[in-house]
file run.csv (CSV, C-alpha atoms)
chain,number,residue,atom,x,y,z
A,1,MET,CA,0.0,0.0,0.0
A,2,ALA,CA,1.3,3.5,-0.9
A,3,LYS,CA,1.4,6.1,1.8
A,4,ILE,CA,-1.9,7.7,2.6
A,5,LEU,CA,-2.7,11.1,4.1
A,6,MET,CA,-4.5,10.7,7.4
A,7,LYS,CA,-5.4,12.7,10.5
A,8,GLY,CA,-3.7,11.5,13.6
A,9,ASN,CA,-6.8,10.4,15.5
A,10,GLU,CA,-8.1,8.4,12.5
A,11,ALA,CA,-4.6,6.9,11.9
A,12,PHE,CA,-4.7,5.7,15.5
A,13,GLY,CA,-8.0,4.0,14.8
A,14,LYS,CA,-6.9,2.4,11.6
A,15,ALA,CA,-3.7,1.2,13.3
A,16,ALA,CA,-5.7,-0.4,16.1
A,17,ILE,CA,-7.7,-2.4,13.6
A,18,GLU,CA,-4.5,-3.4,11.7
A,19,ALA,CA,-3.2,-4.6,15.1
A,20,GLY,CA,-6.2,-6.9,15.5
A,21,CYS,CA,-8.2,-4.7,17.9
A,22,ARG,CA,-11.9,-5.6,17.5
A,23,TYR,CA,-13.5,-4.0,20.5
A,24,PHE,CA,-13.4,-0.3,21.5
A,25,PHE,CA,-15.2,1.3,24.4
A,26,GLY,CA,-15.0,5.0,24.9
A,27,TYR,CA,-16.7,8.3,25.4
A,28,PRO,CA,-16.3,11.5,23.3
A,29,ILE,CA,-14.1,14.3,24.5
A,30,THR,CA,-12.1,16.9,22.5
A,31,PRO,CA,-9.4,16.6,21.0
A,32,GLN,CA,-9.8,12.9,20.5
A,33,SER,CA,-13.4,12.5,19.3
A,34,GLU,CA,-12.5,11.7,15.7
A,35,LEU,CA,-11.0,8.4,16.9
A,36,PRO,CA,-14.2,6.9,18.3
A,37,GLU,CA,-16.1,8.4,15.4
A,38,TYR,CA,-13.7,6.6,13.0
A,39,LEU,CA,-13.9,3.3,14.9
A,40,SER,CA,-17.7,3.4,15.2
A,41,ARG,CA,-17.8,3.4,11.4
A,42,GLU,CA,-14.9,1.0,10.7
A,43,LEU,CA,-15.0,-1.7,13.4
A,44,PRO,CA,-18.3,-3.2,12.3
A,45,LYS,CA,-16.8,-3.7,8.8
A,46,VAL,CA,-14.3,-6.1,10.2
A,47,GLY,CA,-16.6,-8.0,12.6
A,48,GLY,CA,-15.7,-5.8,15.6
A,49,ALA,CA,-17.9,-3.8,18.0
A,50,PHE,CA,-17.8,-0.2,19.0
A,51,ILE,CA,-19.6,0.9,22.2
A,52,GLN,CA,-20.0,4.4,23.4
A,53,ALA,CA,-20.2,3.9,27.1
A,54,GLU,CA,-22.2,6.0,29.4
A,55,SER,CA,-19.1,7.3,31.1
A,56,GLU,CA,-15.3,7.0,31.1
A,57,LEU,CA,-15.6,4.7,34.2
A,58,ALA,CA,-17.9,2.4,32.3
A,59,ALA,CA,-15.6,2.4,29.3
A,60,ILE,CA,-12.5,1.2,31.1
A,61,ASN,CA,-14.4,-1.5,32.9
A,62,MET,CA,-15.8,-2.8,29.6
A,63,VAL,CA,-12.2,-2.9,28.4
A,64,TYR,CA,-11.4,-5.0,31.5
A,65,GLY,CA,-14.1,-7.5,30.7
A,66,ALA,CA,-13.2,-7.7,27.0
A,67,GLY,CA,-9.4,-7.9,27.6
A,68,GLY,CA,-10.0,-10.5,30.3
A,69,SER,CA,-11.8,-12.7,27.7
A,70,GLY,CA,-8.6,-12.7,25.6
A,71,VAL,CA,-9.6,-10.3,22.8
A,72,ARG,CA,-7.7,-7.2,21.8
A,73,ALA,CA,-9.5,-4.2,23.2
A,74,MET,CA,-8.8,-0.5,23.7
A,75,THR,CA,-10.2,2.8,24.9
A,76,SER,CA,-9.2,6.4,24.3
A,77,SER,CA,-9.9,9.7,25.8
A,78,SER,CA,-8.3,13.0,26.6
A,79,SER,CA,-6.7,14.1,29.9
A,80,PRO,CA,-9.6,14.5,32.3
A,81,GLY,CA,-11.3,11.5,30.8
A,82,VAL,CA,-8.2,9.3,31.3
A,83,ALA,CA,-8.0,10.6,34.9
A,84,LEU,CA,-11.4,9.0,35.4
A,85,LYS,CA,-10.2,5.7,34.0
A,86,GLN,CA,-7.3,5.4,36.4
A,87,GLU,CA,-9.0,3.1,38.9
A,88,GLY,CA,-9.9,0.7,36.0
A,89,ILE,CA,-6.4,0.8,34.7
A,90,ALA,CA,-5.1,-0.2,38.1
A,91,TYR,CA,-7.6,-3.0,38.1
A,92,CYS,CA,-6.4,-4.2,34.7
A,93,ALA,CA,-2.8,-4.0,35.9
A,94,GLY,CA,-3.6,-6.0,39.1
A,95,ALA,CA,-5.6,-8.6,37.1
A,96,GLU,CA,-2.9,-8.7,34.3
A,97,VAL,CA,-5.4,-7.8,31.6
A,98,PRO,CA,-3.8,-6.7,28.4
A,99,CYS,CA,-5.3,-3.6,26.8
A,100,VAL,CA,-4.3,-0.3,25.2
A,101,VAL,CA,-5.3,3.1,26.6
A,102,LEU,CA,-4.7,6.1,24.3
A,103,ASN,CA,-4.5,9.7,25.8
A,104,ILE,CA,-4.7,12.6,23.4
A,105,MET,CA,-3.5,15.1,26.0
A,106,ARG,CA,-5.0,18.6,26.6
A,107,GLY,CA,-4.3,21.3,29.1
A,108,GLY,CA,-5.3,21.0,32.8
A,109,PRO,CA,-5.7,20.6,35.7
A,110,GLY,CA,-9.4,19.7,35.7
A,111,LEU,CA,-11.3,20.5,32.5
A,112,GLY,CA,-8.6,23.0,31.5
A,113,THR,CA,-8.6,23.7,27.8
A,114,ILE,CA,-8.9,21.7,24.5
A,115,GLN,CA,-5.5,22.9,23.4
A,116,PRO,CA,-2.5,20.5,23.2
A,117,SER,CA,-0.4,19.8,26.3
A,118,GLN,CA,2.0,17.3,27.9
A,119,SER,CA,0.8,17.8,31.5
A,120,ASP,CA,-0.3,14.2,32.0
A,121,TYR,CA,3.3,12.9,32.3
A,122,TYR,CA,3.0,12.2,36.0
A,123,MET,CA,-0.4,10.5,35.7
A,124,SER,CA,0.9,8.3,32.9
A,125,THR,CA,4.3,7.3,34.1
A,126,LYS,CA,3.9,7.2,37.8
A,127,GLY,CA,0.6,5.4,37.9
A,128,GLY,CA,-2.6,7.3,38.5
A,129,GLY,CA,-4.3,4.5,40.3
A,130,ASN,CA,-3.6,2.7,43.6
A,131,GLY,CA,-0.9,0.1,44.4
A,132,ASP,CA,2.5,-1.0,43.2
A,133,TYR,CA,2.0,-1.1,39.4
A,134,ARG,CA,3.5,0.4,36.3
A,135,THR,CA,2.3,0.7,32.7
A,136,PRO,CA,4.5,1.0,29.6
A,137,VAL,CA,4.0,4.4,28.0
A,138,PHE,CA,4.7,5.1,24.3
A,139,ALA,CA,5.0,8.8,23.1
A,140,PRO,CA,4.8,9.2,19.3
A,141,SER,CA,6.2,12.4,17.7
A,142,SER,CA,4.4,12.0,14.3
A,143,VAL,CA,1.4,10.4,12.8
A,144,GLN,CA,3.6,7.6,11.4
A,145,GLU,CA,4.9,6.9,14.9
A,146,ALA,CA,1.3,7.0,16.1
A,147,VAL,CA,0.5,4.1,13.8
A,148,ASP,CA,3.7,2.2,14.6
A,149,MET,CA,3.4,2.6,18.4
A,150,ILE,CA,-0.3,1.7,18.6
A,151,ILE,CA,0.5,-1.6,16.8
A,152,GLU,CA,3.4,-2.3,19.0
A,153,ALA,CA,1.4,-1.4,22.1
A,154,PHE,CA,-1.0,-4.2,21.5
A,155,ASP,CA,1.9,-6.6,21.2
A,156,VAL,CA,3.6,-5.4,24.3
A,157,ALA,CA,0.3,-5.6,26.2
A,158,ASP,CA,-0.1,-9.3,25.2
A,159,GLN,CA,3.5,-10.2,25.7
A,160,TYR,CA,3.6,-8.9,29.3
A,161,ARG,CA,-0.2,-9.2,30.1
A,162,THR,CA,-0.4,-5.5,31.1
A,163,PRO,CA,-2.2,-2.3,30.1
A,164,VAL,CA,-0.2,-0.1,27.8
A,165,MET,CA,-0.6,3.6,27.4
A,166,VAL,CA,0.0,5.7,24.4
A,167,VAL,CA,0.2,9.4,25.0
A,168,ALA,CA,0.1,12.1,22.3
A,169,ASP,CA,-0.6,15.8,22.6
A,170,GLY,CA,-3.6,17.2,20.8
A,171,MET,CA,-1.5,18.4,17.9
A,172,ILE,CA,-0.7,14.9,16.9
A,173,GLY,CA,-4.3,13.9,17.1
A,174,GLN,CA,-5.4,16.7,14.9
A,175,MET,CA,-2.6,17.0,12.3
A,176,MET,CA,-2.5,15.3,9.0
A,177,GLU,CA,0.5,13.5,7.6
A,178,PRO,CA,1.3,10.7,5.2
A,179,VAL,CA,1.5,7.2,6.8
A,180,ASP,CA,2.6,3.8,5.6
A,181,PHE,CA,0.8,0.8,7.1
A,182,ASP,CA,3.0,-1.7,5.3
A,183,LYS,CA,6.2,-1.0,7.1
A,184,GLU,CA,8.2,-3.9,8.3
A,185,ARG,CA,7.6,-4.4,12.0
A,186,LYS,CA,9.1,-6.3,14.9
A,187,VAL,CA,7.5,-9.7,15.2
A,188,ARG,CA,7.1,-10.9,18.8
A,189,ASP,CA,6.7,-14.5,19.9
A,190,LEU,CA,3.4,-14.2,21.8
A,191,ALA,CA,2.1,-17.0,24.0
A,192,PRO,CA,-1.4,-18.4,23.6
A,193,LYS,CA,-3.9,-16.8,26.0
A,194,ASP,CA,-4.6,-19.9,28.0
A,195,TRP,CA,-5.3,-17.6,31.0
A,196,ALA,CA,-8.3,-15.9,29.4
A,197,ALA,CA,-11.8,-16.2,30.9
A,198,CYS,CA,-13.5,-17.2,27.7
A,199,GLY,CA,-15.5,-20.3,28.6
A,200,HIS,CA,-14.1,-23.8,29.1
A,201,GLN,CA,-17.0,-26.2,28.2
A,202,ASN,CA,-15.9,-28.4,31.1
A,203,LYS,CA,-12.6,-29.1,29.3
A,204,ARG,CA,-10.4,-27.3,31.9
A,205,LYS,CA,-10.6,-25.6,35.2
A,206,PRO,CA,-12.3,-22.1,35.1
A,207,ASN,CA,-9.9,-19.2,34.7
A,208,VAL,CA,-10.5,-16.3,37.1
A,209,ILE,CA,-9.5,-12.7,36.2
A,210,ASN,CA,-9.2,-10.9,39.4
A,211,SER,CA,-7.1,-8.3,41.3
A,212,LEU,CA,-8.5,-9.1,44.8
A,213,TYR,CA,-6.2,-11.0,47.2
A,214,LEU,CA,-7.5,-11.0,50.8
A,215,GLN,CA,-4.5,-12.8,52.3
A,216,SER,CA,-1.6,-10.5,52.7
A,217,GLU,CA,1.0,-13.2,51.9
A,218,GLU,CA,-0.8,-14.0,48.7
A,219,LEU,CA,-1.0,-10.4,47.6
A,220,GLU,CA,2.7,-9.9,48.4
A,221,ARG,CA,3.6,-12.8,46.2
A,222,HIS,CA,1.4,-11.3,43.4
A,223,ASN,CA,3.1,-7.9,43.8
A,224,GLN,CA,6.5,-9.6,43.6
A,225,HIS,CA,5.4,-11.4,40.4
A,226,LEU,CA,4.3,-8.1,38.9
A,227,GLU,CA,7.6,-6.4,40.0
A,228,ARG,CA,9.6,-9.1,38.1
A,229,LYS,CA,7.5,-8.4,35.0
A,230,TYR,CA,8.1,-4.7,35.3
A,231,LYS,CA,11.9,-5.3,35.6
A,232,ALA,CA,11.7,-7.3,32.4
A,233,ILE,CA,9.9,-4.5,30.7
A,234,GLU,CA,12.6,-2.0,31.9
A,235,GLU,CA,15.3,-4.2,30.5
A,236,ASN,CA,13.7,-4.9,27.2
A,237,GLU,CA,11.3,-2.1,26.1
A,238,ALA,CA,13.0,1.3,26.6
A,239,GLN,CA,13.2,3.2,23.3
A,240,TYR,CA,14.8,6.5,22.4
A,241,GLU,CA,16.3,8.6,19.6
A,242,LEU,CA,19.6,10.4,19.7
A,243,TYR,CA,19.8,13.5,17.4
A,244,LYS,CA,23.1,15.2,16.7
A,245,THR,CA,24.4,14.3,20.2
A,246,GLU,CA,27.9,13.1,19.2
A,247,ASP,CA,29.6,16.5,19.9
A,248,ALA,CA,26.7,18.3,21.6
A,249,GLU,CA,27.7,20.4,24.6
A,250,LEU,CA,24.1,21.2,25.4
A,251,VAL,CA,21.6,18.3,25.0
A,252,PHE,CA,17.8,19.0,24.9
A,253,VAL,CA,15.5,16.4,26.2
A,254,ALA,CA,12.0,16.4,24.7
A,255,TYR,CA,9.3,14.0,23.5
A,256,GLY,CA,6.3,14.1,21.3
A,257,THR,CA,5.5,17.1,19.2
A,258,VAL,CA,7.9,19.3,21.2
A,259,SER,CA,10.8,17.2,20.1
A,260,ARG,CA,10.0,18.2,16.5
A,261,ILE,CA,10.1,21.9,17.6
A,262,VAL,CA,13.4,21.3,19.3
A,263,LYS,CA,14.8,19.7,16.2
A,264,SER,CA,14.0,22.9,14.3
A,265,THR,CA,15.8,24.8,17.1
A,266,ILE,CA,18.8,22.6,16.8
A,267,LYS,CA,19.1,23.1,13.0
A,268,SER,CA,19.1,26.9,13.4
A,269,MET,CA,21.5,26.9,16.3
A,270,ARG,CA,23.9,24.5,14.5
A,271,LYS,CA,24.1,27.0,11.6
A,272,ASP,CA,25.2,29.6,14.2
A,273,GLY,CA,27.9,27.3,15.5
A,274,TYR,CA,26.3,26.0,18.6
A,275,LYS,CA,26.9,22.4,19.5
A,276,VAL,CA,23.5,21.2,20.5
A,277,GLY,CA,21.6,17.9,20.3
A,278,LEU,CA,18.5,16.0,21.4
A,279,ILE,CA,17.6,12.9,23.5
A,280,ARG,CA,14.0,12.0,22.5
A,281,PRO,CA,12.4,9.4,24.7
A,282,LYS,CA,10.1,7.2,22.7
A,283,THR,CA,9.0,5.4,25.8
A,284,LEU,CA,8.3,7.5,28.9
A,285,TRP,CA,8.2,4.3,30.9
A,286,PRO,CA,10.4,2.5,30.9
A,287,TYR,CA,12.5,5.7,30.7
A,288,PRO,CA,15.5,5.4,28.4
A,289,ASN,CA,18.3,5.9,31.0
A,290,GLU,CA,20.8,4.3,28.7
A,291,ALA,CA,20.6,7.3,26.3
A,292,PHE,CA,22.2,9.6,28.9
A,293,LYS,CA,25.3,7.5,28.8
A,294,LYS,CA,25.8,8.3,25.1
A,295,ILE,CA,26.3,12.0,25.3
A,296,PRO,CA,30.1,12.2,26.2
A,297,ASN,CA,30.5,16.0,25.5
A,298,ALA,CA,27.4,17.2,27.2
A,299,LYS,CA,27.9,20.0,29.9
A,300,ASN,CA,24.2,20.8,30.3
A,301,LEU,CA,20.8,19.3,29.8
A,302,LEU,CA,17.7,21.4,28.8
A,303,VAL,CA,14.3,19.8,29.3
A,304,VAL,CA,11.6,21.2,27.0
A,305,GLU,CA,8.0,20.4,27.6
A,306,MET,CA,4.4,21.6,27.2
A,307,SER,CA,4.1,21.4,30.9
A,308,LEU,CA,5.7,23.0,34.0
A,309,GLY,CA,8.4,20.4,34.2
A,310,GLN,CA,7.0,17.0,34.9
A,311,MET,CA,9.8,15.1,33.1
A,312,ILE,CA,12.6,16.9,35.0
A,313,ASP,CA,12.9,14.3,37.8
A,314,ASP,CA,13.3,11.4,35.4
A,315,VAL,CA,16.0,13.3,33.5
A,316,ARG,CA,17.9,14.0,36.8
A,317,LEU,CA,17.7,10.3,37.7
A,318,ALA,CA,18.8,9.2,34.2
A,319,CYS,CA,21.9,11.4,34.3
A,320,GLU,CA,22.5,10.4,37.9
A,321,CYS,CA,22.6,14.1,38.8
A,322,LYS,CA,26.0,14.4,37.1
A,323,LEU,CA,24.9,17.3,34.8
A,324,PRO,CA,23.0,20.5,35.5
A,325,VAL,CA,19.4,20.1,34.4
A,326,HIS,CA,17.6,23.2,33.1
A,327,PHE,CA,14.1,23.7,32.0
A,328,TYR,CA,12.0,25.6,29.5
A,329,GLY,CA,8.3,25.0,29.2
A,330,ARG,CA,4.9,26.4,28.3
A,331,SER,CA,1.6,25.2,29.8
A,332,GLY,CA,-2.2,25.5,29.5
A,333,GLY,CA,-2.1,24.8,25.8
A,334,MET,CA,0.6,27.2,24.9
A,335,ILE,CA,3.2,25.8,22.4
A,336,PRO,CA,7.0,26.5,22.6
A,337,VAL,CA,8.5,28.2,19.6
A,338,PRO,CA,12.1,27.6,18.3
A,339,SER,CA,13.3,31.2,18.9
A,340,ASP,CA,12.3,31.1,22.6
A,341,ILE,CA,13.9,27.7,23.1
A,342,ALA,CA,17.1,28.8,21.4
A,343,GLU,CA,17.2,32.0,23.6
A,344,LYS,CA,17.1,29.8,26.7
A,345,ALA,CA,19.8,27.5,25.4
A,346,LYS,CA,22.1,30.3,24.4
A,347,GLU,CA,21.6,31.8,27.8
A,348,ILE,CA,22.7,28.6,29.4
A,349,MET,CA,25.7,28.1,27.1
A,350,GLY,CA,26.7,31.7,27.7
A,351,GLU,CA,26.8,31.0,31.4
A,352,VAL,CA,28.9,27.9,30.8
A,353,ALA,CA,31.4,30.0,28.8
A,354,LEU,CA,31.7,32.5,31.6
A,355,GLY,CA,32.1,29.8,34.2
A,356,GLY,CA,28.8,30.5,35.8
A,357,ALA,CA,26.7,27.5,35.1
A,358,LYS,CA,23.8,27.0,37.4
call {"tool": "encode", "arguments": {"input": "run.csv", "output": "structure tokens"}}
result
Amino acid sequence: MAKILMKGNEAFGKAAIEAGCRYFFGYPITPQSELPEYLSRELPKVGGAFIQAESELAAINMVYGAGGSGVRAMTSSSSPGVALKQEGIAYCAGAEVPCVVLNIMRGGPGLGTIQPSQSDYYMSTKGGGNGDYRTPVFAPSSVQEAVDMIIEAFDVADQYRTPVMVVADGMIGQMMEPVDFDKERKVRDLAPKDWAACGHQNKRKPNVINSLYLQSEELERHNQHLERKYKAIEENEAQYELYKTEDAELVFVAYGTVSRIVKSTIKSMRKDGYKVGLIRPKTLWPYPNEAFKKIPNAKNLLVVEMSLGQMIDDVRLACECKLPVHFYGRSGGMIPVPSDIAEKAKEIMGEVALGGAK
């Protein structure tokens, strides 16, 4: 198939169908409403089902039921809607139900704005629900990556029996770009879902999908089992991009749409002789700590986000506090521009030249 021009939200939907998703449960909210609209039209054509639930809480619990039966299921929403789903996501994590949750982020807190934002980083990477659990989090920076990461998210969910989140700001959901659905992709060796609660016709013992453990010893064993799984995810699934970091003295750290803005900044600064580069996390959890070992000439890190600095702590941990970590961000739906980012970077590099780095 040749490349086709698609809006981000619709590309997410088509990618989910290509990945084998046949059941979607959701509720409309801007700026992601084109996705459920697309799936309501397209899922029945492939024998799937679309249900507009009565609420976000209902939607995630329907995902729990469908995923627990062994089928590929997903939900999507935007920031305050995903906040409402957090209890159900924690239930899915505790019961080891594979599913995909897509968040097209908008400004907050609360209802906030319908403009793009990255202020759900904490909620996505630190676990918005209760208990000791983690969820893998993919962060695409283009519509093509939106397609690639949704498809991979379903595989990761099945491989590790876990909910997987994909987070994209509202710009990626609304922009149109060419995408290729026939790209060669990583093939994972996925085990059969013999754990699923899908009926047994008296041929085996019933499977139970549950996150309730009344005995403390039993729950601790389960938590230890989950922790081993999360360690395996940390070892195997971290993804990142290094951009012009070989000689970079200042390295930006940015993800999603902001990383594209930063690349424009780097190109203009490089023309003026500044040695700057970029670490772009493709997964926000597991965080790509390894990338920070591959910037030998870096003297400073500059985190750029559409938030008030939610990724800073992970950057400090990743560099083991060996480098000064600076920040530039906009919030509430405001979008950073290359000239302002460059001004901040030049200010930092000027301070380094004068021996006055913060």
call {"tool": "atom_distance", "arguments": {"input": "run.csv", "atom1": "CA of Gln86 (chain A)", "atom2": "CA of Pro286 (chain A)"}}
result
18.8 Å
call {"tool": "atom_distance", "arguments": {"input": "run.csv", "atom1": "CA of Val276 (chain A)", "atom2": "CA of Thr245 (chain A)"}}
result
7.0 Å
call {"tool": "atom_distance", "arguments": {"input": "run.csv", "atom1": "CA of Met149 (chain A)", "atom2": "CA of Val187 (chain A)"}}
result
13.4 Å
call {"tool": "closest_atom_pairs", "arguments": {"input": "run.csv", "of": "region 5-25 of chain A", "to": "region 52-56 of chain A", "cutoff": "12 Å", "atoms": "only C-alpha atoms", "output": "Markdown table"}}
result
| residue | atom | partner | partner_atom | distance |
| --- | --- | --- | --- | --- |
| A:Tyr23 | CA | A:Gln52 | CA | 11.0 |
| A:Phe24 | CA | A:Gln52 | CA | 8.3 |
| A:Phe25 | CA | A:Gln52 | CA | 5.8 |
call {"tool": "closest_residue", "arguments": {"input": "run.csv", "among": "A:Leu212, A:Ile150, A:Val167, A:Ala59", "to": "Ala15 (chain A)", "atoms": "all atoms listed in the file"}}
result
A:Ile150
call {"tool": "residues_around", "arguments": {"input": "run.csv", "residues": "Asn130 (chain A)", "least_positions_apart": "5", "cutoff": "12 Å", "atoms": "only C-alpha atoms", "output": "PyMOL selection string"}}
result
chain A and resi 86-94+123+211
call {"tool": "closest_residue", "arguments": {"input": "run.csv", "among": "A:Leu284, A:Ala196, A:Leu250, A:Met176", "to": "Thr135 (chain A)", "atoms": "all atoms listed in the file"}}
result
A:Leu284
call {"tool": "residues_around", "arguments": {"input": "run.csv", "residues": "region 319-326 of chain A", "least_positions_apart": "5", "cutoff": "10 Å", "atoms": "only C-alpha atoms", "output": "compact mmCIF listing (two decimals) with C-alpha atoms, in the coordinates of the input"}}
result
# COMPACT_ATOMS: atom_id res chain seq x y z
CA VAL A 251 21.60 18.30 25.00
CA PHE A 252 17.80 19.00 24.90
CA VAL A 253 15.50 16.40 26.20
CA ASN A 289 18.30 5.90 31.00
CA GLU A 290 20.80 4.30 28.70
CA ALA A 291 20.60 7.30 26.30
CA PHE A 292 22.20 9.60 28.90
CA LYS A 293 25.30 7.50 28.80
CA ALA A 298 27.40 17.20 27.20
CA LYS A 299 27.90 20.00 29.90
CA ASN A 300 24.20 20.80 30.30
CA LEU A 301 20.80 19.30 29.80
CA LEU A 302 17.70 21.40 28.80
CA VAL A 303 14.30 19.80 29.30
CA VAL A 304 11.60 21.20 27.00
CA GLY A 309 8.40 20.40 34.20
CA ILE A 312 12.60 16.90 35.00
CA ASP A 313 12.90 14.30 37.80
CA ASP A 314 13.30 11.40 35.40
CA LYS A 344 17.10 29.80 26.70
CA ALA A 345 19.80 27.50 25.40
CA ILE A 348 22.70 28.60 29.40
CA ALA A 357 26.70 27.50 35.10
CA LYS A 358 23.80 27.00 37.40
call {"tool": "closest_residue", "arguments": {"input": "run.csv", "among": "A:Val164, A:Val100, A:Met334, A:Ala11", "to": "Val143 (chain A)", "atoms": "all atoms listed in the file"}}
result
A:Ala11
call {"tool": "closest_residue", "arguments": {"input": "run.csv", "among": "A:Ser339, A:Gln239, A:Ser40, A:Thr30", "to": "Ser264 (chain A)", "atoms": "all atoms listed in the file"}}
result
A:Ser339
call {"tool": "residues_near_point", "arguments": {"input": "run.csv", "point": "(-15.4, -1.3, 10.9)", "cutoff": "12 Å", "atoms": "all atoms listed in the file", "output": "list in words"}}
result
Gly13, Lys14, Ala16, Ile17, Glu18, Gly20, Cys21, Arg22, Tyr23, Phe24, Pro36, Glu37, Tyr38, Leu39, Ser40, Arg41, Glu42, Leu43, Pro44, Lys45, Val46, Gly47, Gly48, Ala49 and Phe50 of chain A
call {"tool": "residues_around", "arguments": {"input": "run.csv", "residues": "Lys294 (chain A)", "least_positions_apart": "5", "cutoff": "12 Å", "atoms": "all atoms listed in the file", "output": "compact mmCIF listing (two decimals) with C-alpha atoms, keeping the file's coordinate frame"}}
result
# COMPACT_ATOMS: atom_id res chain seq x y z
CA TYR A 240 14.80 6.50 22.40
CA GLU A 241 16.30 8.60 19.60
CA LEU A 242 19.60 10.40 19.70
CA TYR A 243 19.80 13.50 17.40
CA LYS A 244 23.10 15.20 16.70
CA THR A 245 24.40 14.30 20.20
CA GLU A 246 27.90 13.10 19.20
CA ASP A 247 29.60 16.50 19.90
CA ALA A 248 26.70 18.30 21.60
CA VAL A 251 21.60 18.30 25.00
CA GLY A 277 21.60 17.90 20.30
CA LEU A 278 18.50 16.00 21.40
CA ILE A 279 17.60 12.90 23.50
CA PRO A 288 15.50 5.40 28.40
CA ASN A 289 18.30 5.90 31.00
CA ALA A 318 18.80 9.20 34.20
CA CYS A 319 21.90 11.40 34.30
call {"tool": "residues_near_point", "arguments": {"input": "run.csv", "point": "(-5.0, -11.7, 38.7)", "cutoff": "12 Å", "atoms": "only C-alpha atoms", "output": "ChimeraX atom specification"}}
result
/A:64,68,90-98,161-162,195-197,207-213,218-219,221-223,225-226
call {"tool": "decode", "arguments": {"input": "run.csv", "residues": "region 160-164 of chain A", "atoms": "all heavy atoms", "output": "compact mmCIF listing (two decimals), in the first residue's frame"}}
result
# COMPACT_ATOMS: atom_id res chain seq x y z
N TYR A 160 3.32 -9.07 27.86
CA TYR A 160 3.55 -8.93 29.30
C TYR A 160 2.26 -8.98 30.12
O TYR A 160 2.31 -8.84 31.34
CB TYR A 160 4.29 -7.62 29.59
CG TYR A 160 5.68 -7.56 28.99
CD1 TYR A 160 5.90 -6.92 27.78
CD2 TYR A 160 6.75 -8.15 29.64
CE1 TYR A 160 7.17 -6.86 27.23
CE2 TYR A 160 8.02 -8.09 29.09
CZ TYR A 160 8.24 -7.44 27.88
OH TYR A 160 9.50 -7.38 27.33
N ARG A 161 1.13 -9.18 29.45
CA ARG A 161 -0.17 -9.17 30.14
C ARG A 161 -0.31 -7.92 31.00
O ARG A 161 -0.39 -7.97 32.22
CB ARG A 161 -0.37 -10.43 30.98
CG ARG A 161 -0.79 -11.65 30.21
CD ARG A 161 -1.21 -12.79 31.14
NE ARG A 161 -2.39 -12.44 31.94
CZ ARG A 161 -2.88 -13.20 32.92
NH1 ARG A 161 -2.27 -14.34 33.21
NH2 ARG A 161 -3.95 -12.81 33.58
N THR A 162 -0.36 -6.78 30.34
CA THR A 162 -0.39 -5.52 31.06
C THR A 162 -1.13 -4.47 30.23
O THR A 162 -1.11 -4.53 29.00
CB THR A 162 1.04 -5.01 31.34
OG1 THR A 162 0.98 -3.81 32.09
CG2 THR A 162 1.79 -4.76 30.05
N PRO A 163 -1.77 -3.51 30.89
CA PRO A 163 -2.24 -2.34 30.14
C PRO A 163 -1.06 -1.53 29.62
O PRO A 163 -0.02 -1.45 30.29
CB PRO A 163 -3.05 -1.54 31.16
CG PRO A 163 -2.86 -2.19 32.47
CD PRO A 163 -2.12 -3.46 32.31
N VAL A 164 -1.20 -0.98 28.44
CA VAL A 164 -0.17 -0.14 27.84
C VAL A 164 -0.81 1.19 27.47
O VAL A 164 -1.90 1.22 26.90
CB VAL A 164 0.44 -0.81 26.59
CG1 VAL A 164 1.43 0.14 25.91
CG2 VAL A 164 1.13 -2.12 26.97
